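**Q** Okay, here's the structure, questions in a sec.
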Amino acid sequence: MLAAVRTFVREQVIPREEEIEETDAIPEDLRRAARDMGLFGYALPEEYGGLGMSISEEVRLAFELGYASPAFRSMFGTSNGIAGQVLVNAGTREQKEAWLPRLASGEVVGAFALTEAEAGSDPSTLTTRAVKDGDEYVIDGAKRFITNAPEADVFMVFARTGGPGSRGISTFLVSGDAPGLKVGPPDAKMGQRGAHTAEVFFDGVRVPASAMVGPEGTGFRTAMASLAHGRLSIAAVCVGLAQRILDETVAYAKERTQGGRPIGEYQLIQALIADSQAELYAGRSMVLEAARAYDAGEDTKLGPSCAKYFCSEMVGRVADRAVQVFGGMGYMRGVPVERFYRDVRLFRIYEGTSQIQQLVIGRHLLR
Ligand SMILES: Cc1cc2nc3c(=O)[nH]c(=O)nc-3n(C[C@H](O)[C@H](O)[C@H](O)COP(=O)(O)OP(=O)(O)OC[C@H]3O[C@@H](n4cnc5c(N)ncnc54)[C@H](O)[C@@H]3O)c2cc1C
């Protein structure tokens with residue numbers, strides 16, 4: 001699988017990166033090929049049509065997927081990750097049977113709808129409400145920055161069913177075509193073109209009581225479990241992309257000449273490259289160890305936060321040094337490192353900002 005994905009990413013996806021950037025879309029043939037390779041369900045259980053990878057296997061796959069434009073992985077990352085894991089961890093057998101095989105095959109796309117305008121880093125204050133009415137719930141509210149919202153067929157929606165705080169939140173499965181659900185226009189983002197986010201509005205959206213995922217009041221816990229899994233995947237993608245950026249940097253340093261010599265012969269350029277390589281090595285090692293501990297059930301929280309924090313910051317520094325090595329060319333559109341410089345900025349923000357990872361780590365140690 002790793003070898004097949006490695007070849008596919010390098011031979012099929014990388015040559016299309018500029019097209020993805022210009023059209024802000026993943027070409028249909030790449031989407032089809034990803035489906036055929038099982039990429040929409042690599043982290044979903046085999047009994048529901050996925051490939052059933054452990055986290056240790058998944059991060060190795062993410063190293064390969066991260067080597068190309070992050071929008072490619074984002075297309076199926078949510079179905080495998082934050083959205084799909086909600087069902088894997090908390091769904092009933094009926095809910096899993098209804099959605100997981102179709103998510104795994106790529107027939108449907110999933111989205112994870114937690115963030116709101118006034119509830120980002122602290123989602124425990126979210127105000128979207130789900131009110132019981134007979135054997136239905138009626139959902140009202142709005143979410144924002146929801147990845148895949150424009151193309152999603154099913155949303156994992158976190159809504160308040162009880163009092164304030166994290167214990168008053170429950171999770172609901174909401175079909176994308178539910179009456180009263182509206183998706184706003186795609187957001188105009190800094191980078192990661194080809195991956196889309198949008199606002200999602202719920203105006204009296206009715207779902208059966210059986211659409212609740214997990215017991216009432218456990219939505220916050222469900223969301224956090226999904227995010228911990230997602231943090232390891234994001235960290236691994238950061239490692240893959242850092243490797244790509246470093247490879248681009250080294251190739252340029254060998255070929256670009258100044259003063260009659262390749263710039264790679266200048267020791268200050270070597271220092272930039274060496275710093276990136278050392279940090280990349282540290283990030284890769286950390287992800288592999290955190291994944292091992294996660295699979296062994298030893299640590300599902302501290303490792304993912306440390307890895308996400310370190311690797312998202314690390315890839316930012318690697319991209320920054322790459323632009324420096326490229327000089328003026330690094331500032332020009334059409335040069336991959338310029339695009340990656342914008343793309344990687346997101347990793348420090350979503351699925352918990354760097355500050356939130358610091359808080360998770362600090363609190364965990366002080367408890
Ligand atoms: C492209 C993109 C895709 C996304 N996809 C999804 C998705 O699919 N589903 C979803 O639900 N959400 C998604 N998000 C939302 C994302 O998770 C949030 O943007 C993120 O959690 C930060 O929340 P915020 O934007 O409200 O920033 P804020 O929470 O307002 O944070 C602003 C700043 O304050 C800092 N801060 C906040 N609280 C504290 C604190 N207690 N201590 C110290 N510093 C603090 C933050 O670190 C940050 O620097 C996405 C966002 C983007 C940009």
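Letters A, B, ... mark the chains of the structure tokens in the order given; residue numbers begin at 1 per chain; ligand numbers begin at 1, in order shown.
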Quick one: residues within 12 Å of Asp177 in chain A, only C-alpha atoms, excluding same-chain residues fewer than 4 positions away - as a PyMOL selection string?
**A** chain A and resi 149-155+173+181-183+202+205-207
**Q** Produce a file of the selected residues containing C-alpha atoms, as a tab-separated table (two decimals), in the first residue's frame.
**A**
```tsv
chain	number	residue	atom	x	y	z
A	149	ALA	CA	-18.99	21.30	3.83
A	150	PRO	CA	-19.62	22.27	0.18
A	151	GLU	CA	-19.41	18.63	-0.92
A	152	ALA	CA	-20.49	16.80	2.26
A	153	ASP	CA	-23.29	14.23	2.24
A	154	VAL	CA	-23.27	13.76	6.00
A	155	PHE	CA	-22.33	16.02	8.90
A	173	LEU	CA	-25.71	12.57	12.30
A	181	LEU	CA	-29.58	22.77	6.39
A	182	LYS	CA	-27.78	25.31	4.21
A	183	VAL	CA	-24.11	25.54	3.28
A	202	PHE	CA	-29.22	24.87	10.69
A	205	VAL	CA	-33.40	20.92	10.96
A	206	ARG	CA	-35.34	17.84	12.14
A	207	VAL	CA	-33.56	14.55	12.76
```
**Q** At a cut-off of 6 Å around ligand 1, and using only C-alpha atoms and all ligand atoms, what residues come up? Please write them as a ChimeraX atom specification.
**A** /A:112-115,119-121,145-147,197,349-353,355-356
**Q** Store the residues picked out above, limited to N, CA and C atoms, as an mmCIF file, in the first residue's frame.
**A**
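Wrote selection.cif, looks like this:
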```
data_model
loop_
_atom_site.group_PDB
_atom_site.id
_atom_site.type_symbol
_atom_site.label_atom_id
_atom_site.label_comp_id
_atom_site.auth_asym_id
_atom_site.auth_seq_id
_atom_site.Cartn_x
_atom_site.Cartn_y
_atom_site.Cartn_z
ATOM 1 N N PHE A 112 -17.152 17.278 9.764
ATOM 2 C CA PHE A 112 -17.150 17.331 11.237
ATOM 3 C C PHE A 112 -17.483 18.773 11.605
ATOM 4 N N ALA A 113 -18.661 18.981 12.184
ATOM 5 C CA ALA A 113 -19.134 20.360 12.385
ATOM 6 C C ALA A 113 -19.168 20.704 13.863
ATOM 7 N N LEU A 114 -18.054 21.242 14.346
ATOM 8 C CA LEU A 114 -17.921 21.610 15.762
ATOM 9 C C LEU A 114 -17.816 23.131 15.920
ATOM 10 N N THR A 115 -16.906 23.745 15.149
ATOM 11 C CA THR A 115 -16.562 25.157 15.362
ATOM 12 C C THR A 115 -17.724 26.104 15.037
ATOM 13 N N ALA A 119 -17.261 30.010 19.227
ATOM 14 C CA ALA A 119 -16.743 28.819 19.926
ATOM 15 C C ALA A 119 -15.772 28.093 19.010
ATOM 16 N N GLY A 120 -14.490 28.479 19.114
ATOM 17 C CA GLY A 120 -13.448 27.857 18.293
ATOM 18 C C GLY A 120 -12.532 27.038 19.179
ATOM 19 N N SER A 121 -11.537 27.710 19.766
ATOM 20 C CA SER A 121 -10.602 27.000 20.643
ATOM 21 C C SER A 121 -11.310 26.382 21.842
ATOM 22 N N PHE A 145 -16.175 27.428 9.139
ATOM 23 C CA PHE A 145 -14.878 26.828 8.741
ATOM 24 C C PHE A 145 -14.976 25.308 8.633
ATOM 25 N N ILE A 146 -16.078 24.768 8.156
ATOM 26 C CA ILE A 146 -16.254 23.311 8.161
ATOM 27 C C ILE A 146 -15.671 22.709 6.874
ATOM 28 N N THR A 147 -14.593 21.938 7.047
ATOM 29 C CA THR A 147 -13.916 21.304 5.902
ATOM 30 C C THR A 147 -14.867 20.357 5.192
ATOM 31 N N THR A 197 -13.751 24.942 2.680
ATOM 32 C CA THR A 197 -14.481 25.098 3.941
ATOM 33 C C THR A 197 -15.636 26.057 3.693
ATOM 34 N N ILE A 349 -3.188 26.003 13.093
ATOM 35 C CA ILE A 349 -4.457 26.616 13.513
ATOM 36 C C ILE A 349 -5.569 25.593 13.731
ATOM 37 N N TYR A 350 -5.776 24.672 12.755
ATOM 38 C CA TYR A 350 -6.967 23.816 12.916
ATOM 39 C C TYR A 350 -6.661 22.559 13.724
ATOM 40 N N GLU A 351 -7.737 21.898 14.115
ATOM 41 C CA GLU A 351 -7.672 20.729 15.009
ATOM 42 C C GLU A 351 -6.911 21.064 16.298
ATOM 43 N N GLY A 352 -7.137 22.286 16.773
ATOM 44 C CA GLY A 352 -6.486 22.776 17.992
ATOM 45 C C GLY A 352 -5.250 23.576 17.640
ATOM 46 N N THR A 353 -5.270 24.884 17.964
ATOM 47 C CA THR A 353 -4.124 25.744 17.659
ATOM 48 C C THR A 353 -2.909 25.288 18.479
ATOM 49 N N GLN A 355 -1.425 26.992 20.656
ATOM 50 C CA GLN A 355 -1.629 27.389 22.061
ATOM 51 C C GLN A 355 -2.497 26.350 22.781
ATOM 52 N N ILE A 356 -3.493 25.841 22.087
ATOM 53 C CA ILE A 356 -4.359 24.833 22.720
ATOM 54 C C ILE A 356 -3.568 23.544 22.977
#
```
**Q** Which residues of range 249-365 of chain A come within 9 Å of range 40-64 of chain A, and what is each one's closest atom pair and distance in Å (one decimal), counting only C-alpha atoms, sorted by chain and residue number, as CSV?
**A**
```
residue,atom,partner,partner_atom,distance
A:Arg284,CA,A:Phe63,CA,8.6
A:Val287,CA,A:Val59,CA,7.4
A:Leu288,CA,A:Ser56,CA,6.6
A:Glu289,CA,A:Ser56,CA,8.6
A:Ala290,CA,A:Ser56,CA,8.6
A:Ala291,CA,A:Ser56,CA,4.9
A:Arg292,CA,A:Ser56,CA,5.8
A:Tyr294,CA,A:Ile55,CA,7.2
A:Asp295,CA,A:Ile55,CA,6.3
```
**Q** Residues of the last selection are to be written out with N, CA and C atoms, as a PDB file, in the first residue's frame.
**A**
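selection.pdb was written with the following content:
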```
ATOM      1  N   ARG A 284       9.536  13.160  12.611  1.00  0.00           N
ATOM      2  CA  ARG A 284       9.184  11.817  12.140  1.00  0.00           C
ATOM      3  C   ARG A 284       9.278  10.805  13.298  1.00  0.00           C
ATOM      4  N   VAL A 287       6.372  11.279  15.776  1.00  0.00           N
ATOM      5  CA  VAL A 287       5.094  10.766  15.271  1.00  0.00           C
ATOM      6  C   VAL A 287       5.058   9.240  15.384  1.00  0.00           C
ATOM      7  N   LEU A 288       6.146   8.581  15.006  1.00  0.00           N
ATOM      8  CA  LEU A 288       6.166   7.114  15.053  1.00  0.00           C
ATOM      9  C   LEU A 288       6.020   6.616  16.493  1.00  0.00           C
ATOM     10  N   GLU A 289       6.694   7.275  17.429  1.00  0.00           N
ATOM     11  CA  GLU A 289       6.609   6.855  18.833  1.00  0.00           C
ATOM     12  C   GLU A 289       5.222   7.164  19.402  1.00  0.00           C
ATOM     13  N   ALA A 290       4.682   8.330  19.076  1.00  0.00           N
ATOM     14  CA  ALA A 290       3.337   8.677  19.592  1.00  0.00           C
ATOM     15  C   ALA A 290       2.300   7.711  19.018  1.00  0.00           C
ATOM     16  N   ALA A 291       2.465   7.307  17.759  1.00  0.00           N
ATOM     17  CA  ALA A 291       1.526   6.362  17.146  1.00  0.00           C
ATOM     18  C   ALA A 291       1.636   4.995  17.817  1.00  0.00           C
ATOM     19  N   ARG A 292       2.858   4.571  18.109  1.00  0.00           N
ATOM     20  CA  ARG A 292       3.050   3.284  18.786  1.00  0.00           C
ATOM     21  C   ARG A 292       2.347   3.304  20.151  1.00  0.00           C
ATOM     22  N   TYR A 294      -0.084   5.181  21.091  1.00  0.00           N
ATOM     23  CA  TYR A 294      -1.545   5.269  20.886  1.00  0.00           C
ATOM     24  C   TYR A 294      -2.102   3.879  20.617  1.00  0.00           C
ATOM     25  N   ASP A 295      -1.480   3.146  19.709  1.00  0.00           N
ATOM     26  CA  ASP A 295      -1.947   1.791  19.373  1.00  0.00           C
ATOM     27  C   ASP A 295      -1.872   0.863  20.579  1.00  0.00           C
TER      28      ASP A 295
END
```
**Q** Could you tell me how far CA of Gln358 in chain A sits from CA of Ile245 in chain A, in Å to one decimal place?
**A**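 For CA of Ile245 in chain A relative to CA of Gln358 in chain A, the distance reads 25.8 Å.
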**Q** Tell me, as a ChimeraX atom specification, which residues lie within 8 Å of Ser276 in chain A, counting only C-alpha atoms; anything in the same chain fewer than 6 positions away does not count.
**A** /A:246,317-318,321
**Q** Take the residues from that selection and put them in a file with N, CA and C atoms, as an mmCIF file, in the first residue's frame.
**A**
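File result_35.cif, as written:
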```cif
data_model
loop_
_atom_site.group_PDB
_atom_site.id
_atom_site.type_symbol
_atom_site.label_atom_id
_atom_site.label_comp_id
_atom_site.auth_asym_id
_atom_site.auth_seq_id
_atom_site.Cartn_x
_atom_site.Cartn_y
_atom_site.Cartn_z
ATOM 1 N N LEU A 246 11.803 20.079 1.893
ATOM 2 C CA LEU A 246 13.261 19.963 2.037
ATOM 3 C C LEU A 246 13.879 19.402 0.749
ATOM 4 N N ARG A 317 8.617 26.225 9.955
ATOM 5 C CA ARG A 317 10.026 26.681 9.902
ATOM 6 C C ARG A 317 10.725 26.122 8.652
ATOM 7 N N VAL A 318 10.408 24.882 8.315
ATOM 8 C CA VAL A 318 11.022 24.272 7.120
ATOM 9 C C VAL A 318 10.593 25.047 5.862
ATOM 10 N N ARG A 321 12.415 28.453 5.766
ATOM 11 C CA ARG A 321 13.812 28.333 5.316
ATOM 12 C C ARG A 321 13.870 28.043 3.818
#
```
**Q** Could you go through range 59-273 of chain A and tell me which residues DSSP, when run on the backbone, assigns to strand (DSSP E or B), listing them as a compact mmCIF listing (two decimals) with C-alpha atoms, in the first residue's frame?
**A**
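Result file result36.txt:
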```txt
# COMPACT_ATOMS: atom_id res chain seq x y z
CA GLY A 110 -18.31 13.31 5.62
CA ALA A 111 -17.76 16.54 7.57
CA PHE A 112 -17.15 17.33 11.24
CA ALA A 113 -19.13 20.36 12.38
CA GLU A 116 -18.85 28.18 15.65
CA ALA A 119 -16.74 28.82 19.93
CA ARG A 129 -29.10 23.77 20.01
CA ALA A 130 -30.90 20.48 19.51
CA VAL A 131 -34.31 20.46 21.20
CA LYS A 132 -36.31 17.25 21.67
CA ASP A 133 -39.74 17.28 20.04
CA GLU A 136 -37.23 13.95 16.89
CA TYR A 137 -34.66 16.65 17.64
CA VAL A 138 -34.84 20.12 16.07
CA ILE A 139 -31.44 21.71 15.42
CA ASP A 140 -30.88 25.47 15.16
CA GLY A 141 -27.59 27.32 14.91
CA ALA A 142 -24.56 27.85 12.69
CA LYS A 143 -21.09 26.36 12.26
CA ARG A 144 -18.13 27.84 10.47
CA PHE A 145 -14.88 26.83 8.74
CA ILE A 146 -16.25 23.31 8.16
CA THR A 147 -13.92 21.30 5.90
CA VAL A 154 -23.27 13.76 6.00
CA PHE A 155 -22.33 16.02 8.90
CA MET A 156 -21.33 15.04 12.45
CA VAL A 157 -22.96 17.95 14.25
CA PHE A 158 -22.22 18.90 17.84
CA ALA A 159 -25.17 20.64 19.46
CA ARG A 160 -26.33 21.58 22.93
CA ILE A 169 -23.30 18.72 24.24
CA SER A 170 -24.48 15.78 22.10
CA THR A 171 -23.54 14.52 18.64
CA PHE A 172 -25.95 14.12 15.72
CA LEU A 173 -25.71 12.57 12.30
CA VAL A 174 -27.28 15.00 9.86
CA SER A 175 -27.73 14.27 6.20
CA LEU A 181 -29.58 22.77 6.39
CA LYS A 182 -27.78 25.31 4.21
CA VAL A 183 -24.11 25.54 3.28
CA THR A 197 -14.48 25.10 3.94
CA ALA A 198 -17.77 26.89 4.44
CA GLU A 199 -20.34 27.98 6.99
CA VAL A 200 -23.20 25.59 7.71
CA PHE A 201 -26.58 26.90 8.88
CA PHE A 202 -29.22 24.87 10.69
CA ASP A 203 -32.69 26.36 10.60
CA GLY A 204 -35.19 24.04 12.29
CA VAL A 205 -33.40 20.92 10.96
CA ARG A 206 -35.34 17.84 12.14
CA VAL A 207 -33.56 14.55 12.76
CA PRO A 208 -34.95 11.38 14.35
CA MET A 212 -27.92 10.91 18.10
CA VAL A 213 -24.42 9.39 18.17
CA THR A 257 24.56 29.22 -8.77
CA GLN A 258 25.83 32.52 -7.37
CA ARG A 261 29.24 28.16 -7.42
CA PRO A 262 26.08 26.27 -6.49
```
**Q** Quick one: DSSP alpha helix (DSSP H) residues in range 49-84 of chain A, as an mmCIF file with N, CA and C atoms, in the first residue's frame?
**A**
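Wrote it out as part.cif, contents follow:
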```cif
data_model
loop_
_atom_site.group_PDB
_atom_site.id
_atom_site.type_symbol
_atom_site.label_atom_id
_atom_site.label_comp_id
_atom_site.auth_asym_id
_atom_site.auth_seq_id
_atom_site.Cartn_x
_atom_site.Cartn_y
_atom_site.Cartn_z
ATOM 1 N N ILE A 55 -3.099 3.177 13.863
ATOM 2 C CA ILE A 55 -2.526 4.534 13.752
ATOM 3 C C ILE A 55 -1.078 4.458 13.270
ATOM 4 N N SER A 56 -0.349 3.438 13.722
ATOM 5 C CA SER A 56 1.049 3.319 13.295
ATOM 6 C C SER A 56 1.137 3.130 11.781
ATOM 7 N N GLU A 57 0.189 2.394 11.233
ATOM 8 C CA GLU A 57 0.168 2.217 9.768
ATOM 9 C C GLU A 57 -0.301 3.505 9.090
ATOM 10 N N GLU A 58 -1.315 4.114 9.712
ATOM 11 C CA GLU A 58 -1.894 5.322 9.117
ATOM 12 C C GLU A 58 -0.882 6.467 9.013
ATOM 13 N N VAL A 59 -0.055 6.652 10.052
ATOM 14 C CA VAL A 59 0.900 7.769 9.990
ATOM 15 C C VAL A 59 1.949 7.527 8.892
ATOM 16 N N ARG A 60 2.289 6.250 8.679
ATOM 17 C CA ARG A 60 3.244 5.966 7.595
ATOM 18 C C ARG A 60 2.620 6.292 6.245
ATOM 19 N N LEU A 61 1.332 6.012 6.121
ATOM 20 C CA LEU A 61 0.630 6.379 4.888
ATOM 21 C C LEU A 61 0.582 7.914 4.741
ATOM 22 N N ALA A 62 0.310 8.587 5.872
ATOM 23 C CA ALA A 62 0.224 10.057 5.832
ATOM 24 C C ALA A 62 1.573 10.689 5.481
ATOM 25 N N PHE A 63 2.695 10.038 5.839
ATOM 26 C CA PHE A 63 4.013 10.558 5.413
ATOM 27 C C PHE A 63 4.042 10.631 3.887
ATOM 28 N N GLU A 64 3.480 9.594 3.239
ATOM 29 C CA GLU A 64 3.493 9.551 1.763
ATOM 30 C C GLU A 64 2.500 10.553 1.186
ATOM 31 N N LEU A 65 1.288 10.585 1.762
ATOM 32 C CA LEU A 65 0.256 11.490 1.238
ATOM 33 C C LEU A 65 0.659 12.946 1.428
ATOM 34 N N PRO A 70 -1.522 19.432 0.053
ATOM 35 C CA PRO A 70 -2.337 18.899 1.156
ATOM 36 C C PRO A 70 -3.825 18.780 0.818
ATOM 37 N N ALA A 71 -4.269 19.488 -0.208
ATOM 38 C CA ALA A 71 -5.696 19.396 -0.578
ATOM 39 C C ALA A 71 -6.057 17.990 -1.031
ATOM 40 N N PHE A 72 -5.087 17.271 -1.589
ATOM 41 C CA PHE A 72 -5.378 15.914 -2.062
ATOM 42 C C PHE A 72 -5.762 15.039 -0.868
ATOM 43 N N ARG A 73 -4.966 15.075 0.189
ATOM 44 C CA ARG A 73 -5.276 14.255 1.371
ATOM 45 C C ARG A 73 -6.541 14.741 2.062
ATOM 46 N N SER A 74 -6.731 16.056 2.028
ATOM 47 C CA SER A 74 -7.896 16.623 2.717
ATOM 48 C C SER A 74 -9.201 16.075 2.143
ATOM 49 N N MET A 75 -9.190 15.739 0.842
ATOM 50 C CA MET A 75 -10.392 15.227 0.180
ATOM 51 C C MET A 75 -10.954 14.006 0.927
ATOM 52 N N PHE A 76 -10.070 13.125 1.409
ATOM 53 C CA PHE A 76 -10.565 11.935 2.111
ATOM 54 C C PHE A 76 -10.139 11.921 3.588
ATOM 55 N N GLY A 77 -9.356 12.937 4.002
ATOM 56 C CA GLY A 77 -8.858 12.973 5.382
ATOM 57 C C GLY A 77 -9.982 13.072 6.402
ATOM 58 N N THR A 78 -11.015 13.842 6.097
ATOM 59 C CA THR A 78 -12.101 14.036 7.063
ATOM 60 C C THR A 78 -12.942 12.773 7.208
ATOM 61 N N SER A 79 -13.175 12.068 6.086
ATOM 62 C CA SER A 79 -13.975 10.835 6.163
ATOM 63 C C SER A 79 -13.260 9.787 7.005
ATOM 64 N N ASN A 80 -11.940 9.678 6.832
ATOM 65 C CA ASN A 80 -11.148 8.739 7.633
ATOM 66 C C ASN A 80 -10.954 9.246 9.047
ATOM 67 N N ILE A 82 -11.505 13.027 11.445
ATOM 68 C CA ILE A 82 -12.401 13.592 12.455
ATOM 69 C C ILE A 82 -13.863 13.200 12.267
ATOM 70 N N ALA A 83 -14.382 13.131 11.036
ATOM 71 C CA ALA A 83 -15.804 12.769 10.866
ATOM 72 C C ALA A 83 -16.003 11.262 11.035
ATOM 73 N N GLY A 84 -15.252 10.463 10.291
ATOM 74 C CA GLY A 84 -15.426 9.008 10.334
ATOM 75 C C GLY A 84 -15.183 8.437 11.723
#
```
**Q** Considering only C-alpha atoms, can you say which of A:Glu17, A:Phe220, A:Gln12, A:Thr300 comes closest to Leu30 in chain A?
**A**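 Nearest candidate to Leu30 in chain A out of A:Glu17, A:Phe220, A:Gln12, A:Thr300: A:Gln12.
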**Q** Skipping near chain neighbours, those fewer than 4 positions away, what residues fall within 7 Å of Ala223 in chain A using only C-alpha atoms, listed as a VMD selection string?
**A** chain A and resid 86 219 227
**Q** Write a file of the selected residues as a compact mmCIF listing (two decimals), in the first residue's frame, keeping C-alpha atoms.
**A**
```txt
# COMPACT_ATOMS: atom_id res chain seq x y z
CA VAL A 86 -16.95 9.89 15.45
CA GLY A 219 -20.65 14.93 22.38
CA LEU A 227 -9.51 15.21 17.39
```
**Q** Quick one: everything within 7 Å of Cys238 in chain A, counting only C-alpha atoms, minus sequence neighbours fewer than 6 positions away in the same chain. Send it as an mmCIF file with C-alpha atoms, in the first residue's frame.
**A**
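File written: result.cif
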```
data_model
loop_
_atom_site.group_PDB
_atom_site.id
_atom_site.type_symbol
_atom_site.label_atom_id
_atom_site.label_comp_id
_atom_site.auth_asym_id
_atom_site.auth_seq_id
_atom_site.Cartn_x
_atom_site.Cartn_y
_atom_site.Cartn_z
ATOM 1 C CA GLY A 66 1.777 14.580 2.827
ATOM 2 C CA CYS A 311 5.326 19.008 13.663
ATOM 3 C CA SER A 312 2.990 21.836 12.626
ATOM 4 C CA VAL A 315 6.905 22.398 8.922
#
```
**Q** Do you have the CA of Gly165 in chain A-CA of Thr125 in chain A distance handy?
**A**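 Atom-to-atom, CA of Gly165 in chain A to CA of Thr125 in chain A, that is 6.1 Å.
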